[in-house]
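Have a look at coords-v1.cif; it's mmCIF, C-alpha atoms:
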```cif
data_my_file
loop_
_atom_site.group_PDB
_atom_site.id
_atom_site.type_symbol
_atom_site.label_atom_id
_atom_site.label_comp_id
_atom_site.auth_asym_id
_atom_site.auth_seq_id
_atom_site.Cartn_x
_atom_site.Cartn_y
_atom_site.Cartn_z
ATOM 1 C CA MET A 1 -44.869 -164.273 -140.853
ATOM 2 C CA LEU A 2 -42.677 -163.285 -137.944
ATOM 3 C CA SER A 3 -39.065 -162.275 -137.883
ATOM 4 C CA GLU A 4 -37.549 -164.136 -134.936
ATOM 5 C CA GLU A 5 -34.237 -163.446 -133.284
ATOM 6 C CA PRO A 6 -32.012 -166.280 -132.008
ATOM 7 C CA LYS A 7 -33.642 -167.395 -128.739
ATOM 8 C CA THR A 8 -36.033 -169.904 -127.189
ATOM 9 C CA GLN A 9 -39.746 -169.051 -127.470
ATOM 10 C CA ALA A 10 -42.927 -170.587 -126.058
ATOM 11 C CA VAL A 11 -45.660 -170.527 -128.710
ATOM 12 C CA CYS A 12 -49.353 -170.779 -127.770
ATOM 13 C CA THR A 13 -51.176 -173.970 -128.790
ATOM 14 C CA CYS A 14 -54.382 -173.442 -126.765
ATOM 15 C CA GLY A 15 -55.688 -170.307 -128.488
ATOM 16 C CA LYS A 16 -56.240 -168.430 -125.206
ATOM 17 C CA THR A 17 -53.137 -166.225 -125.134
ATOM 18 C CA GLY A 18 -53.499 -162.473 -125.008
ATOM 19 C CA ASN A 19 -50.177 -162.139 -126.831
ATOM 20 C CA PRO A 20 -50.486 -164.295 -129.971
ATOM 21 C CA PRO A 21 -48.619 -166.268 -131.140
ATOM 22 C CA TYR A 22 -46.636 -166.392 -127.892
ATOM 23 C CA CYS A 23 -47.670 -168.194 -124.718
ATOM 24 C CA ASP A 24 -48.705 -166.011 -121.790
ATOM 25 C CA GLY A 25 -49.656 -168.852 -119.427
ATOM 26 C CA SER A 26 -53.376 -168.783 -120.275
ATOM 27 C CA HIS A 27 -53.273 -172.527 -121.037
ATOM 28 C CA GLN A 28 -53.327 -173.382 -117.314
ATOM 29 C CA GLY A 29 -56.120 -175.914 -116.768
ATOM 30 C CA THR A 30 -56.670 -176.630 -120.476
ATOM 31 C CA GLY A 31 -54.536 -179.761 -120.638
ATOM 32 C CA LYS A 32 -52.466 -178.157 -123.407
ATOM 33 C CA GLU A 33 -48.853 -177.039 -123.249
ATOM 34 C CA PRO A 34 -47.050 -174.424 -125.345
ATOM 35 C CA ALA A 35 -44.771 -175.479 -128.181
ATOM 36 C CA ILE A 36 -41.158 -174.575 -127.465
ATOM 37 C CA ILE A 37 -39.141 -173.408 -130.448
ATOM 38 C CA GLN A 38 -35.405 -172.821 -130.451
ATOM 39 C CA MET A 39 -34.187 -170.314 -132.999
ATOM 40 C CA GLU A 40 -30.527 -171.014 -133.683
ATOM 41 C CA LYS A 41 -30.268 -167.935 -135.894
ATOM 42 C CA GLY A 42 -32.606 -165.120 -136.864
ATOM 43 C CA LYS A 43 -35.144 -166.052 -139.532
ATOM 44 C CA THR A 44 -38.716 -165.476 -140.674
ATOM 45 C CA VAL A 45 -41.248 -168.150 -139.696
ATOM 46 C CA ALA A 46 -44.989 -168.746 -140.162
ATOM 47 C CA ILE A 47 -46.584 -169.764 -136.857
ATOM 48 C CA CYS A 48 -49.805 -171.810 -136.953
ATOM 49 C CA GLY A 49 -52.814 -169.924 -135.630
ATOM 50 C CA CYS A 50 -55.527 -172.497 -136.358
ATOM 51 C CA GLY A 51 -54.122 -175.484 -134.464
ATOM 52 C CA ASN A 52 -54.564 -177.855 -137.426
ATOM 53 C CA SER A 53 -51.015 -177.890 -138.777
ATOM 54 C CA GLY A 54 -49.260 -181.225 -139.022
ATOM 55 C CA ASN A 55 -46.080 -179.357 -138.104
ATOM 56 C CA ILE A 56 -47.062 -177.421 -134.918
ATOM 57 C CA PRO A 57 -46.030 -174.723 -134.115
ATOM 58 C CA TYR A 58 -45.315 -173.900 -137.759
ATOM 59 C CA CYS A 59 -48.011 -173.282 -140.396
ATOM 60 C CA ASP A 60 -48.302 -175.915 -143.133
ATOM 61 C CA GLY A 61 -51.300 -174.368 -144.916
ATOM 62 C CA SER A 62 -53.890 -176.683 -143.307
ATOM 63 C CA CYS A 63 -56.185 -173.718 -142.648
ATOM 64 C CA SER A 64 -56.535 -173.061 -146.379
ATOM 65 C CA ARG A 65 -57.453 -176.636 -147.326
#
```
Please express the file's structure as structure tokens.
Amino acid sequence: MLSEEPKTQAVCTCGKTGNPPYCDGSHQGTGKEPAIIQMEKGKTVAICGCGNSGNIPYCDGSCSR
């Protein structure tokens, strides 16, 4: 769980970032693009780390099924 401030974030979807869960540009050449999330107000979110969520970039518990 991450506490996010109101802002736009690029979240890694390729698994190659050196700054998880945020994109650091490591996806170049993978054919994948980061997920862009817009936080309208500060809140706590669960970001998917396995890539299997049906609600990318947010965790939906797919990794535990």
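Picture a line from CA of Gly61 (chain A) to CA of Gly42 (chain A); it runs 22.4 Å.
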message = Report as a ChimeraX atom specification all protein, DNA and RNA residues lying within 8 Å of region 32-39 of chain A, evaluated on only C-alpha atoms, omitting residues in the same chain fewer than 6 positions from it.
response = /A:4-14,23,56-57
key: Selection result of the PyMOL selection byres ((chain A and resi 16) around 7) on this file, as a list in words   =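 After applying the PyMOL selection byres ((chain A and resi 16) around 7), what remains is Cys14, Gly15, Thr17, Gly18, Ser26 and His27 of chain A.
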request  = Would you mind listing what lies within 6 Å of Ser53 (chain A) as a ChimeraX atom specification, with all atoms listed in the file counted and same-chain residues fewer than 4 positions away left out?
outcome  = /A:59-60,62
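With distances taken over all atoms listed in the file, A:Cys63 is the one residue among A:Gly25, A:Asn19, A:Gly31, A:Cys63 lying closest to Gly51 (chain A).
For the pair CA of Lys41 (chain A) and CA of Tyr58 (chain A), the interatomic distance is 16.3 Å.
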remark   = Correct to one decimal, the distance CA of Gly29 (chain A)-CA of Cys48 (chain A) is 21.5 Å
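Here the question is which of A:Thr44, A:Asn52, A:Gln28, A:Ser64 gets nearest to Met1 (chain A) using all atoms listed in the file, and that residue is A:Thr44.
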key: Option closest in space to Ser3 (chain A), from A:Tyr22, A:Thr30, A:Val45, A:Glu40 [counting only C-alpha atoms]   =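 Looking at the shortest contact to Ser3 (chain A), the residue is A:Val45.
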Since the input is missing atoms, can you rebuild N, CA, C and O atoms for region 44-64 of chain A and write them as a CSV table (one decimal), in the coordinates of the input?
```csv
chain,number,residue,atom,x,y,z
A,44,THR,N,-37.3,-165.7,-140.6
A,44,THR,CA,-38.7,-165.5,-140.7
A,44,THR,C,-39.4,-166.8,-140.7
A,44,THR,O,-39.1,-167.7,-141.4
A,45,VAL,N,-40.5,-166.9,-139.8
A,45,VAL,CA,-41.2,-168.2,-139.7
A,45,VAL,C,-42.7,-167.8,-139.8
A,45,VAL,O,-43.2,-166.7,-139.5
A,46,ALA,N,-43.5,-168.8,-140.2
A,46,ALA,CA,-45.0,-168.7,-140.2
A,46,ALA,C,-45.5,-169.6,-139.0
A,46,ALA,O,-45.3,-170.8,-139.1
A,47,ILE,N,-46.1,-169.0,-138.0
A,47,ILE,CA,-46.6,-169.8,-136.9
A,47,ILE,C,-48.1,-170.1,-137.1
A,47,ILE,O,-48.8,-169.3,-137.5
A,48,CYS,N,-48.4,-171.3,-136.8
A,48,CYS,CA,-49.8,-171.8,-137.0
A,48,CYS,C,-50.7,-171.1,-136.0
A,48,CYS,O,-50.4,-171.0,-134.8
A,49,GLY,N,-51.8,-170.6,-136.5
A,49,GLY,CA,-52.8,-169.9,-135.6
A,49,GLY,C,-54.1,-170.7,-135.5
A,49,GLY,O,-55.0,-170.4,-134.7
A,50,CYS,N,-54.3,-171.8,-136.3
A,50,CYS,CA,-55.5,-172.5,-136.4
A,50,CYS,C,-55.5,-173.8,-135.5
A,50,CYS,O,-56.5,-174.3,-135.2
A,51,GLY,N,-54.3,-174.3,-135.2
A,51,GLY,CA,-54.1,-175.5,-134.5
A,51,GLY,C,-54.2,-176.8,-135.3
A,51,GLY,O,-54.2,-177.9,-134.7
A,52,ASN,N,-54.4,-176.7,-136.6
A,52,ASN,CA,-54.6,-177.9,-137.4
A,52,ASN,C,-53.3,-178.3,-138.2
A,52,ASN,O,-53.4,-179.3,-138.9
A,53,SER,N,-52.2,-177.6,-138.0
A,53,SER,CA,-51.0,-177.9,-138.8
A,53,SER,C,-50.5,-179.3,-138.4
A,53,SER,O,-50.6,-179.7,-137.2
A,54,GLY,N,-49.9,-180.0,-139.3
A,54,GLY,CA,-49.3,-181.2,-139.0
A,54,GLY,C,-47.8,-181.0,-138.6
A,54,GLY,O,-47.1,-181.9,-138.3
A,55,ASN,N,-47.4,-179.7,-138.5
A,55,ASN,CA,-46.1,-179.4,-138.1
A,55,ASN,C,-46.1,-178.3,-137.0
A,55,ASN,O,-45.4,-177.3,-137.1
A,56,ILE,N,-46.9,-178.4,-136.0
A,56,ILE,CA,-47.1,-177.4,-134.9
A,56,ILE,C,-45.7,-177.2,-134.3
A,56,ILE,O,-45.0,-178.1,-134.1
A,57,PRO,N,-45.3,-176.0,-134.1
A,57,PRO,CA,-46.0,-174.7,-134.1
A,57,PRO,C,-46.0,-174.0,-135.4
A,57,PRO,O,-46.5,-172.9,-135.5
A,58,TYR,N,-45.5,-174.6,-136.5
A,58,TYR,CA,-45.3,-173.9,-137.8
A,58,TYR,C,-46.5,-174.2,-138.7
A,58,TYR,O,-47.1,-175.2,-138.6
A,59,CYS,N,-46.9,-173.2,-139.5
A,59,CYS,CA,-48.0,-173.3,-140.4
A,59,CYS,C,-47.6,-174.2,-141.6
A,59,CYS,O,-46.5,-174.1,-142.1
A,60,ASP,N,-48.5,-175.1,-141.9
A,60,ASP,CA,-48.3,-175.9,-143.1
A,60,ASP,C,-49.4,-175.7,-144.2
A,60,ASP,O,-49.5,-176.5,-145.1
A,61,GLY,N,-50.2,-174.7,-144.0
A,61,GLY,CA,-51.3,-174.4,-144.9
A,61,GLY,C,-52.6,-175.1,-144.7
A,61,GLY,O,-53.5,-175.0,-145.5
A,62,SER,N,-52.7,-175.9,-143.6
A,62,SER,CA,-53.9,-176.7,-143.3
A,62,SER,C,-55.1,-175.8,-143.2
A,62,SER,O,-56.2,-176.3,-143.6
A,63,CYS,N,-55.0,-174.6,-142.8
A,63,CYS,CA,-56.2,-173.7,-142.6
A,63,CYS,C,-56.8,-173.3,-144.0
A,63,CYS,O,-58.0,-173.0,-144.1
A,64,SER,N,-56.0,-173.4,-145.1
A,64,SER,CA,-56.5,-173.1,-146.4
A,64,SER,C,-57.0,-174.3,-147.2
A,64,SER,O,-57.4,-174.1,-148.3
```
